[in-house]
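J.: Next up is a structure, given as structure tokens.
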Amino acid sequence: MAQGTIGVHDMPSANSQVADMPAPLGKTPTKKMPKIEVFGLEDSRPTRAAVRFFRERRIVVRYVDLRKKPIEAAELRRFVSRLGAAALLEAGDRATTTGGLLALVRSDPRLLRLPLVRYGDELTAGPDETTWTAWLARRNG
């Protein structure tokens, strides 16, 4: 056999243990990361920009595509109570009640001012890089 090649008998068997493998982490986080959720549509330019904003800063976000998984009533209520219904809609005040807004948004999520971003108890509707930067600065500071 030529020098530098490995024969079949030289390879470790499936039952042998490799000593230089790191121990599994399990549920231990390696780095404290903020829990940021981005709600939007895959074909929405502002949504893609928001996801890219956090990705460039090496922040893992939980992305929710509103076409695949419509926004829950409780989540929408949280956004409405903090920001107001008018701040969530792209086109004026079409629905005044939360129930009307939920029905409207579930039928057409493009009516929302996207992306909806949540960091703990803080929320934004639409592109708001200054607020997102403040969130990350507070986390690091």
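By convention in this document, the chains of the structure tokens carry letters A, B, ... by their order, each chain's residues are numbered from 1, and ligands are numbered from 1 in the order they are shown.
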For Pro109 of chain A, please output as a PyMOL selection string all residues within 8 Å (counting only C-alpha atoms; exclusion window: fewer than 4 positions along the same chain).
T.: chain A and resi 41+66-67+70+104-105
J.: Which of segment 55-137 of chain A counts as strand (DSSP E or B) under DSSP, as JSON, numbers by chain please?
T.: {"A": [61, 62, 63, 64, 65, 89, 112, 116, 117, 118, 119, 122, 123, 124, 125]}
J.: How about saving the chosen residues, C-alpha atoms kept, as a PDB file, in the first residue's frame?
T.:
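Result file selection.pdb:
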ATOM      1  CA  VAL A  61     -33.872  35.661  14.891  1.00  0.00           C
ATOM      2  CA  ARG A  62     -37.019  33.599  14.880  1.00  0.00           C
ATOM      3  CA  TYR A  63     -38.696  34.392  11.563  1.00  0.00           C
ATOM      4  CA  VAL A  64     -42.438  33.822  11.135  1.00  0.00           C
ATOM      5  CA  ASP A  65     -43.812  33.911   7.588  1.00  0.00           C
ATOM      6  CA  LEU A  89     -51.697  49.100   8.955  1.00  0.00           C
ATOM      7  CA  LEU A 112     -49.652  45.178   7.806  1.00  0.00           C
ATOM      8  CA  LEU A 116     -43.323  43.361  12.945  1.00  0.00           C
ATOM      9  CA  VAL A 117     -40.359  42.863  15.280  1.00  0.00           C
ATOM     10  CA  ARG A 118     -40.515  41.837  18.916  1.00  0.00           C
ATOM     11  CA  TYR A 119     -37.677  41.901  21.448  1.00  0.00           C
ATOM     12  CA  GLU A 122     -40.622  45.907  23.075  1.00  0.00           C
ATOM     13  CA  LEU A 123     -42.201  46.037  19.621  1.00  0.00           C
ATOM     14  CA  THR A 124     -41.778  47.812  16.308  1.00  0.00           C
ATOM     15  CA  ALA A 125     -43.868  47.935  13.148  1.00  0.00           C
TER      16      ALA A 125
END
J.: Check the smallest atom-to-atom distance from each of A:Glu72, A:Asp121, A:Val80, A:Arg52 to Trp135 of chain A using only C-alpha atoms, then report the winner.
T.: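 The closest residue to Trp135 of chain A is A:Asp121.
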J.: Could you jot down the atom CA of Ile36 of chain A to atom CA of Ile59 of chain A separation for me, Å, one decimal place?
T.: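 Separating atom CA of Ile36 of chain A from atom CA of Ile59 of chain A is a distance of 8.3 Å.
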J.: If you run DSSP on the backbone, which residues of segment 78-132 of chain A are alpha helix (DSSP H), as a ChimeraX atom specification?
T.: /A:78-83,85-88,98-107,129-132
J.: Write out as a list in words which residues come within 12 Å of Arg57 of chain A when counting only C-alpha atoms, dropping same-chain ones fewer than 2 positions away.
T.: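 After dropping sequence-adjacent residues, the list is Met33, Pro34, Ala50, Val51, Arg52, Phe53, Phe54, Arg55, Ile59, Val60, Val61, Trp132, Thr133, Leu136, Ala137 and Asn140 of chain A.
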J.: For a test of reading the model, state the distance in Å between atom CA of Pro46 of chain A and atom CA of Glu90 of chain A, rounded to one decimal.
T.: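 Going from atom CA of Pro46 of chain A over to atom CA of Glu90 of chain A, I get 12.6 Å.
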J.: When you count only C-alpha atoms, which of these residues is closest to Ile71 of chain A: A:Glu56, A:Asp128, A:Asp43, A:Asp108?
T.: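 Of all the options, A:Asp108 lies closest to Ile71 of chain A.
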J.: Between atom CA of Ala49 of chain A and atom CA of Leu111 of chain A, what is the spacing in Å?
T.: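 Atom-to-atom, atom CA of Leu111 of chain A and atom CA of Ala49 of chain A are spaced 18.1 Å apart.
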